[in-house]
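Step one of this worksheet: look at the structure below.
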Amino acid sequence: MPSLSEYLHHGSALAAKSLLLALTLGATLAAQAAPTISRLTPPSNPRLATATTLARFLPGQKFDLQATVQPSAGTRITRVRFAVDDQPVADLQHDGSATDQFGGETSLVKNGLVKDLAGGTVVASLRAYANSQPGLHWLSVTATDSRGDTSTRQGSFEVVPIQTGQGQVAKNIIILLGDGMGASHRTAARIMAKGYLQGMTQDRLAMDKFPVTGMVMTSSLNSIVTDSAPGMASYVNGNKAANNQEGVFPDDTVSAFDNPRIEYLSEYLHRLRGSALGLVTTSDVFDATPAANAVHTASRGMGTGIVDQYLDDRHLTGLKVLMGGGRKWFLPNPGSADKRQAVNGSQRRDASDYTLPPDLVAGWKASPGKLDSGRDLIADFQAAGFAYASDRAVLDRLGTPDKLLGLFAYSNMNVAFDKINGRRGKSSVVADYGFPDQPMLDEMTASALKVLAKDNAKGFVLMVEGASIDKQSHLMDTDRWLLETLEFDRAVELARDFATTHPDTLVIVTADHECAGAAIIGSATVSEAVLRSRAATTAEMRDKVVGVYEAARFPEYTMLADGYPASTDIDRKMLIGYGANADRYEAWVSNPQPTRDEQQPFADQAPLNSYPASPAQRNNTTGYLVTGQVPGSQAAHTATDVPLSAFGRGAMLFTGLYDNTDVFFKLGQVLLGGVK
Amino acid sequence: MPAVVAIAALLVCPLVLAHGGQATLGAPTVLAVSGVLPAPPAGVAELRFNEMFQRPVGPKGLEPSARLLALDGLLVRLVGYMASAESPTPGRLILSPLPIALSDEDEPLADDLPAQAIFVHLSGPAAAHTLPNYSGLIQLQGRLSVGASEEPDGHLSSVRLMLDEQASQQLLPPASPRRLR
C-alpha cells in the first residue's frame, strides 16, 4: 500500500496531517508518535501495485539503500532496519550520540543534513547492495523510536534478467553522444553536407547509414525536461536521476559526493570482466556527459572532485583514455605559496573537491579522497601510466600508448567552425585562445580506438561526445552547431569502421536530449549579398528573406576535402528557427568572431594591433528581434524524443520507442546474453 | 516635443542590438574604444592580453610573463570585452580578449572563457551595483593584482584589475534622461 509517510511532513504539521490521514484513509496509526520515513532509496513509483517499477538493475549491479528517518517531537530514533523480500539486510542501532556512526558498508548519519528536517533526523544507509535474482523485489525500511513506536515504508525495485544463449555477445560498446542533437539537428546537417535534389538526399550521414534507428524518451527523475547529467547517466546505469545529478539518487545530506550510488556500466563490466573505459569529449572533461559515465555526484559543478575521481577510481571503471578540454582542473593551485606558480590558471578549489564517508569507501572500494587543491593531477596521471597529450601534434607523436590523457584546452575546446577556419587560415580565434593546435573530434576518436583496441582481451566501453552541438544550440548559433554535428558524424564514421573490422562491437549514436527546439523552417529567398544589405527589421529581414514551403527549394553548400562546407554563408542558405528560443536578434549570417580586420586603417598600429579587433558589426547584421519563448539569454533543452541509431552486434535490439533507461538493459543483454 | 526628447535620449544612451536576450548597452562613452587610443597617463602602464602569458600556452598551465609579474600592484590600462553574464556578481565584471557570453544554462564552469580573462573588481559605492552587459571594446584603468584568488561566482581568478572609486563609478550606466513635463 502507498506509504503514509509520503504524505507527512516533519515537525508541527505532523499531528494535523496524521489525524487527517487516519480519517481519510482509514489507516491505523499509532497516536502521533511514530517516526516519519520521509525518503526511501531507491525511489519507487508511489502507485506501487500497477505502475511501472522505477528502479531497475542488472543482476548483481550494485546500488545503495538509504532512508531518511525523522523522529516525532519528544522522541529520538533508536533503530533502522532494511529488508528485501522480508529478509533483513541491515540492522542499524542508534548509539544515542550526536556523532555519525559507520560500520562497514552501513551508516547512520546525523550531521550535515539539509535544512527543514526534524531535530534528530538520521540518514541510514546500506552501501553497495546487489541482488542477482531476476524479478520484482520488495524493499522495506522499519524505524523504531525511543517510545518503542515503529514506522515502516515500502518500496520496490526490479532485477532485469539477461536472456542467455541468445547468440554471440558484444565485447566492445561505443556510445557516440551528440549532446542536444535531436532529429532536426541530424536532418539539417544532412541537408548541408549531402545536398538534396528533387526531394532526395544525394548521400547520407554516417549515422543515417546505420541499419537500425529507434526513438528515445529522455525525461529525468524530476522533470520532463532533462539536462546532460541524467541525460547521460540513465543510458549507462538504467535509472532515472534528478537534473544536475550523475550516477546517484537524491538524498538529504548537503555533501555532493555521498549520495546513494548506482553502479555504472563501466564499473559493472570492469568488475565482471576487467573491461576498460574511454571518454572522449570536446567539452571540459569535468562536464556532465563524460562525468556521468564514471563519477558519482549530486552536483555536476564539483569540478575538482570529479576530475580527481577519474584517476582515483580507475580501479573501479577501468579508465584507460580521457580526452577533451578542462586542463584548468588538472593544474595545481598552491594557494599563495609562490606568486609565479599561483598564476597558472588552475581552477582547483577545496570547495569543489571530494572526500567520501567510510561506508562508501568500504562498500564500493572507492578512494576516500582528499581536499588537495595543490595536487598536480597531470603528474599523477602520468605516474599512473597515462601518456599525456597537450595538443594534436603531441597526440600524433604518442602513437598508441597503453593509457592516454589528452587535455587540449583550458575549458571547453574550440568548436569545429573555428578550428576548421583556423586550419584554413581564415580565423585566429583558436590561436587567440592560446591553444592553436586542437584536434578534431574524429582525430581524438581515432587515437582513443587505437589505445583501447591494444591488448583488448577484456573489451571496452568508449563514450565519444560531440559536446558543443548543445552549447551552440543554446546560443542559437546555427552555423556553429551545424559544423559540430558534421564533426560528430566524422567520429561516427570511424566508430562504424571499427565495428566493421571488429564485429564483436556494438555502436550506438544518440543524444541526451534535444536542445533549443531547432526547426528547419526553409531557406533564404535572396543571395548572401542582398541579405547583408537588408535593414534589421521584420519586414526586411524576415518577410522578404524567409522562404517557406516551395520557396525553400534546395540549399546547396560546397563541401571541401576537409569534410566541411567552404562557407555557411551561401546564397539561398538553409534557415533554422528555434522553438525553445530566448530573445535573439536574427540576421541569418554566421556570427563573426573578431578577426584582424584589414580594412581598418589603424589595424596594424599599436596598440590596436595587439588588441582584439572590433567585430565587424554594422547595424544590419545585428538582425531583427525574435522574441524568445523562454526567459534568460539562451535557448533551453526540450522534452522531445530523440533518435538513436545502432550498428553492429545486437543493433536489432534498438528498434522501437523506449526510455533512455531501457537502453542500459539492452546494452546489458547485448554484452552478457547476446542477441539472436 | 516628446519626439525630440526621445531622439535626444537615444543619442545620449545608445542601445546596441546584440545577440542574446539580456539588454545590452554600449559602454559609457568615457570607456568605449573605437579607434587608436592616446598613450595612457603618466604612471599607468599599457598592458595587452597577449603580453600576460606565454602564447601559445605550453603543455601545462599558463606561464605568466615577466611583464605581468613586474606590473603586479601597479596601475595599468587594459582594453577588452566585457563577458556578458546572465547572473552577474555585484561589483564585478570579467574582461575578456574575445567577446564571450556566460550563462547559467547547463554548466557555468564548462565555459568558453579564454584562460587570459581577468576579473575586474569595483570599489566604493559602485561595488554594490550589478553592471549591465556592455557590448564592444572597453578600456579600463586600475591596479593589477596577480595571484590565485577565489571569486564569489565559483571561479578562481589568476589576475585581477582593482578599480578605484572613480573608475568604478564610470562603469555605472548613465542615469536615464530626465523627462520633460
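Please note that chains go A, B, ... in the order of the C-alpha cells, that every chain numbers its residues from 1, and that ligands are numbered from 1 in the order shown.
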**Study point:** Test item, strand (DSSP E or B) assignment across region 453-641 of chain A, answer as a PyMOL selection string
**Key:** chain A and resi 460-466+505-510+514-515+518-524+546-547+559+565+574-578+584-586+624-626+637-638
Requested write-out: N, CA and C atoms of the selected residues, as an mmCIF file, in the first residue's frame:
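Written file, out_24.cif:
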```
data_model
loop_
_atom_site.group_PDB
_atom_site.id
_atom_site.type_symbol
_atom_site.label_atom_id
_atom_site.label_comp_id
_atom_site.auth_asym_id
_atom_site.auth_seq_id
_atom_site.Cartn_x
_atom_site.Cartn_y
_atom_site.Cartn_z
ATOM 1 N N PHE A 460 35.954 -3.102 -24.102
ATOM 2 C CA PHE A 460 35.947 -1.736 -23.595
ATOM 3 C C PHE A 460 34.591 -1.073 -23.809
ATOM 4 N N VAL A 461 34.371 -0.015 -23.049
ATOM 5 C CA VAL A 461 33.258 0.914 -23.259
ATOM 6 C C VAL A 461 33.900 2.243 -23.643
ATOM 7 N N LEU A 462 33.513 2.786 -24.781
ATOM 8 C CA LEU A 462 34.019 4.091 -25.213
ATOM 9 C C LEU A 462 32.838 5.035 -25.382
ATOM 10 N N MET A 463 32.918 6.187 -24.767
ATOM 11 C CA MET A 463 31.896 7.218 -24.951
ATOM 12 C C MET A 463 32.556 8.403 -25.652
ATOM 13 N N VAL A 464 31.989 8.782 -26.787
ATOM 14 C CA VAL A 464 32.505 9.920 -27.555
ATOM 15 C C VAL A 464 31.411 10.975 -27.623
ATOM 16 N N GLU A 465 31.710 12.162 -27.173
ATOM 17 C CA GLU A 465 30.684 13.213 -27.137
ATOM 18 C C GLU A 465 30.977 14.367 -28.079
ATOM 19 N N GLY A 466 30.007 14.714 -28.895
ATOM 20 C CA GLY A 466 30.028 15.982 -29.635
ATOM 21 C C GLY A 466 29.336 16.999 -28.747
ATOM 22 N N THR A 505 31.538 -5.716 -31.712
ATOM 23 C CA THR A 505 31.356 -4.351 -31.222
ATOM 24 C C THR A 505 29.958 -3.878 -31.537
ATOM 25 N N LEU A 506 29.357 -3.182 -30.584
ATOM 26 C CA LEU A 506 28.077 -2.505 -30.807
ATOM 27 C C LEU A 506 28.330 -1.012 -30.765
ATOM 28 N N VAL A 507 27.793 -0.293 -31.746
ATOM 29 C CA VAL A 507 27.915 1.159 -31.789
ATOM 30 C C VAL A 507 26.517 1.763 -31.701
ATOM 31 N N ILE A 508 26.295 2.674 -30.780
ATOM 32 C CA ILE A 508 25.029 3.413 -30.775
ATOM 33 C C ILE A 508 25.320 4.911 -30.837
ATOM 34 N N VAL A 509 24.517 5.601 -31.638
ATOM 35 C CA VAL A 509 24.602 7.057 -31.789
ATOM 36 C C VAL A 509 23.317 7.627 -31.224
ATOM 37 N N THR A 510 23.430 8.499 -30.253
ATOM 38 C CA THR A 510 22.213 9.017 -29.637
ATOM 39 C C THR A 510 22.450 10.415 -29.088
ATOM 40 N N GLU A 514 17.081 16.829 -26.650
ATOM 41 C CA GLU A 514 17.158 17.799 -27.746
ATOM 42 C C GLU A 514 17.413 19.179 -27.156
ATOM 43 N N CYS A 515 18.086 20.021 -27.919
ATOM 44 C CA CYS A 515 18.338 21.371 -27.417
ATOM 45 C C CYS A 515 17.793 22.418 -28.368
ATOM 46 N N ALA A 518 15.254 23.177 -32.307
ATOM 47 C CA ALA A 518 15.713 23.587 -33.648
ATOM 48 C C ALA A 518 14.738 23.086 -34.707
ATOM 49 N N ALA A 519 14.456 23.960 -35.689
ATOM 50 C CA ALA A 519 13.495 23.607 -36.744
ATOM 51 C C ALA A 519 14.002 24.125 -38.075
ATOM 52 N N ILE A 520 13.916 23.283 -39.106
ATOM 53 C CA ILE A 520 14.358 23.687 -40.440
ATOM 54 C C ILE A 520 13.162 24.362 -41.100
ATOM 55 N N ILE A 521 13.148 25.683 -41.063
ATOM 56 C CA ILE A 521 11.940 26.399 -41.480
ATOM 57 C C ILE A 521 11.917 26.710 -42.963
ATOM 58 N N GLY A 522 13.072 26.612 -43.612
ATOM 59 C CA GLY A 522 13.074 26.918 -45.047
ATOM 60 C C GLY A 522 14.434 27.415 -45.486
ATOM 61 N N SER A 523 14.438 28.240 -46.477
ATOM 62 C CA SER A 523 15.691 28.798 -46.990
ATOM 63 C C SER A 523 15.514 30.285 -47.251
ATOM 64 N N ALA A 524 16.633 30.980 -47.342
ATOM 65 C CA ALA A 524 16.588 32.394 -47.731
ATOM 66 C C ALA A 524 16.182 32.489 -49.191
ATOM 67 N N VAL A 546 12.729 35.019 -45.567
ATOM 68 C CA VAL A 546 12.440 33.634 -45.189
ATOM 69 C C VAL A 546 11.525 32.988 -46.220
ATOM 70 N N GLY A 547 12.050 32.025 -46.924
ATOM 71 C CA GLY A 547 11.280 31.289 -47.920
ATOM 72 C C GLY A 547 10.768 29.995 -47.332
ATOM 73 N N MET A 559 31.074 21.505 -50.266
ATOM 74 C CA MET A 559 31.877 20.828 -49.246
ATOM 75 C C MET A 559 33.309 20.709 -49.734
ATOM 76 N N PRO A 565 31.869 22.547 -45.018
ATOM 77 C CA PRO A 565 31.492 23.445 -46.112
ATOM 78 C C PRO A 565 32.514 24.572 -46.292
ATOM 79 N N MET A 574 20.056 27.590 -46.033
ATOM 80 C CA MET A 574 19.060 26.960 -45.176
ATOM 81 C C MET A 574 18.841 27.843 -43.941
ATOM 82 N N LEU A 575 17.602 27.933 -43.489
ATOM 83 C CA LEU A 575 17.286 28.767 -42.326
ATOM 84 C C LEU A 575 16.740 27.912 -41.194
ATOM 85 N N ILE A 576 17.216 28.177 -39.999
ATOM 86 C CA ILE A 576 16.815 27.418 -38.812
ATOM 87 C C ILE A 576 16.085 28.333 -37.842
ATOM 88 N N GLY A 577 14.952 27.879 -37.359
ATOM 89 C CA GLY A 577 14.229 28.570 -36.293
ATOM 90 C C GLY A 577 14.394 27.782 -34.999
ATOM 91 N N TYR A 578 13.987 28.393 -33.896
ATOM 92 C CA TYR A 578 14.188 27.755 -32.593
ATOM 93 C C TYR A 578 12.920 27.833 -31.761
ATOM 94 N N ARG A 584 16.449 36.818 -29.274
ATOM 95 C CA ARG A 584 17.667 36.934 -30.060
ATOM 96 C C ARG A 584 17.409 37.876 -31.216
ATOM 97 N N TYR A 585 18.492 38.368 -31.787
ATOM 98 C CA TYR A 585 18.412 39.209 -32.978
ATOM 99 C C TYR A 585 18.927 38.382 -34.133
ATOM 100 N N GLU A 586 18.071 38.100 -35.071
ATOM 101 C CA GLU A 586 18.382 37.156 -36.134
ATOM 102 C C GLU A 586 18.758 37.915 -37.396
ATOM 103 N N TYR A 624 16.881 41.299 -36.771
ATOM 104 C CA TYR A 624 15.587 41.741 -36.254
ATOM 105 C C TYR A 624 15.260 40.928 -35.014
ATOM 106 N N LEU A 625 14.501 41.500 -34.122
ATOM 107 C CA LEU A 625 14.219 40.866 -32.838
ATOM 108 C C LEU A 625 13.256 39.702 -33.008
ATOM 109 N N VAL A 626 13.681 38.536 -32.521
ATOM 110 C CA VAL A 626 12.794 37.381 -32.420
ATOM 111 C C VAL A 626 12.560 37.167 -30.936
ATOM 112 N N HIS A 637 16.750 23.315 -23.270
ATOM 113 C CA HIS A 637 16.505 21.945 -23.709
ATOM 114 C C HIS A 637 15.012 21.746 -23.900
ATOM 115 N N THR A 638 14.670 20.697 -24.674
ATOM 116 C CA THR A 638 13.263 20.343 -24.817
ATOM 117 C C THR A 638 13.064 18.889 -24.416
#
```
Practice item. Excluding Ala110 (chain B) and any residue of its chain fewer than 3 positions from it, enumerate the residues within 10 Å of it, using only C-alpha atoms, and give them as a ChimeraX atom specification. Key: /A:283-288,301,303,325-326,410-413,471 /B:102,106-107,113
Output N, CA and C atoms of each residue in that selection to a file, as a short mmCIF file (atom, residue, chain, number, x, y, z; two decimals), in the first residue's frame.
```cif
data_model
loop_
_atom_site.label_atom_id
_atom_site.label_comp_id
_atom_site.auth_asym_id
_atom_site.auth_seq_id
_atom_site.Cartn_x
_atom_site.Cartn_y
_atom_site.Cartn_z
N SER A 283 34.09 18.94 -24.77
CA SER A 283 33.86 19.88 -23.68
C SER A 283 34.99 19.75 -22.65
N ASP A 284 34.94 20.57 -21.67
CA ASP A 284 35.75 20.42 -20.47
C ASP A 284 35.45 19.01 -19.92
N VAL A 285 36.48 18.23 -19.62
CA VAL A 285 36.25 16.82 -19.27
C VAL A 285 35.48 16.63 -17.97
N PHE A 286 35.36 17.69 -17.16
CA PHE A 286 34.60 17.50 -15.93
C PHE A 286 33.10 17.59 -16.19
N ASP A 287 32.72 18.05 -17.39
CA ASP A 287 31.32 18.33 -17.69
C ASP A 287 30.48 17.07 -17.60
N ALA A 288 29.17 17.25 -17.56
CA ALA A 288 28.26 16.16 -17.18
C ALA A 288 28.35 14.92 -18.06
N GLY A 301 28.73 20.44 -10.94
CA GLY A 301 29.71 21.52 -10.98
C GLY A 301 30.93 21.29 -10.11
N GLY A 303 33.93 20.39 -9.98
CA GLY A 303 34.96 20.01 -10.93
C GLY A 303 36.18 19.33 -10.33
N GLY A 325 38.73 18.96 -23.15
CA GLY A 325 39.25 20.21 -22.62
C GLY A 325 39.29 20.11 -21.10
N GLY A 326 39.44 21.26 -20.45
CA GLY A 326 39.35 21.25 -19.00
C GLY A 326 40.68 21.15 -18.30
N TYR A 410 41.84 24.93 -22.11
CA TYR A 410 41.71 25.35 -20.71
C TYR A 410 40.33 24.97 -20.15
N SER A 411 39.29 25.27 -20.88
CA SER A 411 37.93 24.87 -20.53
C SER A 411 37.38 24.08 -21.71
N ASN A 412 36.24 24.48 -22.29
CA ASN A 412 35.77 23.76 -23.47
C ASN A 412 36.75 23.94 -24.62
N MET A 413 36.85 22.91 -25.47
CA MET A 413 37.66 23.07 -26.68
C MET A 413 36.94 24.05 -27.61
N LYS A 471 25.93 23.22 -26.85
CA LYS A 471 26.34 24.55 -26.38
C LYS A 471 26.04 25.61 -27.43
N LEU B 102 28.54 34.31 -21.04
CA LEU B 102 28.48 33.30 -19.98
C LEU B 102 27.02 33.09 -19.62
N ASP B 106 22.75 25.02 -18.39
CA ASP B 106 23.67 23.88 -18.34
C ASP B 106 24.77 24.11 -17.32
N GLU B 107 26.00 24.02 -17.67
CA GLU B 107 27.06 24.06 -16.68
C GLU B 107 27.92 25.31 -16.81
N LEU B 113 35.28 30.73 -21.73
CA LEU B 113 36.08 31.88 -21.30
C LEU B 113 37.55 31.62 -21.60
#
```
Study note, to complete from the structure: Students should find that CA of Gly199 (chain A) and CA of Leu482 (chain A) are spaced 20.6 Å
Practice item. Considering only C-alpha atoms, return as a PyMOL selection string whatever protein or nucleic-acid residues lie within 7 Å of Asn133 (chain B), sequence-local ones (same chain, fewer than 2 positions apart) excluded. Key: chain B and resi 24-25+84-85+131+135
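Excluding Ala83 (chain B) itself and same-chain residues fewer than 6 positions from it, the residues having an atom within 12 Å of it are B:Thr24, B:Arg92, B:Leu93, B:Ile94, B:Leu95, B:Ser96, B:Pro97, B:Leu98, B:Pro99, B:Ile100, B:Ala101, B:Leu102, B:Ser103, B:Asp111, B:Asp112, B:Leu113, B:Pro114, B:Ala117, B:Ile118, B:Phe119, B:Val120, B:Leu131, B:Pro132, B:Asn133, B:Tyr134, B:Ser135, B:Gly136, B:Leu137, B:Ile138, counting only C-alpha atoms.
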Expected file: the selected residues, C-alpha atoms, as a compact mmCIF listing (two decimals), in the first residue's frame:
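Listed below is the output, again.txt:
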```txt
# COMPACT_ATOMS: atom_id res chain seq x y z
CA THR B 24 22.96 45.09 -23.67
CA ARG B 92 32.47 42.51 -10.60
CA LEU B 93 32.94 42.01 -14.30
CA ILE B 94 35.09 39.71 -16.39
CA LEU B 95 37.26 41.36 -19.06
CA SER B 96 37.99 39.02 -21.96
CA PRO B 97 40.17 39.30 -25.06
CA LEU B 98 37.24 37.94 -27.09
CA PRO B 99 33.52 38.66 -26.78
CA ILE B 100 32.02 35.81 -24.73
CA ALA B 101 28.58 35.09 -23.33
CA LEU B 102 28.48 33.30 -19.98
CA SER B 103 25.27 31.62 -18.96
CA ASP B 111 32.61 27.66 -20.31
CA ASP B 112 34.19 29.31 -23.33
CA LEU B 113 36.08 31.88 -21.30
CA PRO B 114 39.65 32.32 -22.54
CA ALA B 117 40.34 36.62 -19.00
CA ILE B 118 40.71 38.78 -15.93
CA PHE B 119 38.34 39.61 -13.11
CA VAL B 120 37.68 43.29 -12.53
CA LEU B 131 26.52 46.06 -14.06
CA PRO B 132 24.56 45.74 -17.29
CA ASN B 133 26.20 43.80 -20.10
CA TYR B 134 28.14 46.33 -22.14
CA SER B 135 28.97 45.37 -25.71
CA GLY B 136 32.01 46.39 -27.65
CA LEU B 137 35.59 47.14 -26.71
CA ILE B 138 36.10 49.00 -23.46
```
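Straight-line separation from CA of Val122 (chain A) to CA of Thr53 (chain A): 26.6 Å.
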Review point. Can you list, as a ChimeraX atom specification, every protein, DNA or RNA residue that comes within 7 Å of Ala130 (chain A) when you count only C-alpha atoms, leaving out same-chain residues fewer than 6 positions away?
Key: /A:60-63
Review point. Given the choices A:Thr281, A:Ser633, A:Asn244, A:Asn333, which gets closest to Arg300 (chain A) if the distance is worked out from only C-alpha atoms?
Key: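 Among the listed residues, the smallest separation from Arg300 (chain A) belongs to A:Asn244.
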Practice item. Quick one: everything within 6 Å of Ser158 (chain B), counting only C-alpha atoms, minus sequence neighbours fewer than 6 positions away in the same chain. Send it as number ranges by chain. Key: A: 343, 345; B: 147-148
Check your understanding: Using only C-alpha atoms, which residues sit within 10 Å of region 70-79 of chain B once same-chain residues fewer than 3 positions away are excluded, as a PyMOL selection string?
Key -> (chain A and resi 339+607-608+610-612) or (chain B and resi 31-33+37+39-49+52+65-67+82+95-97+137-147+159-163)
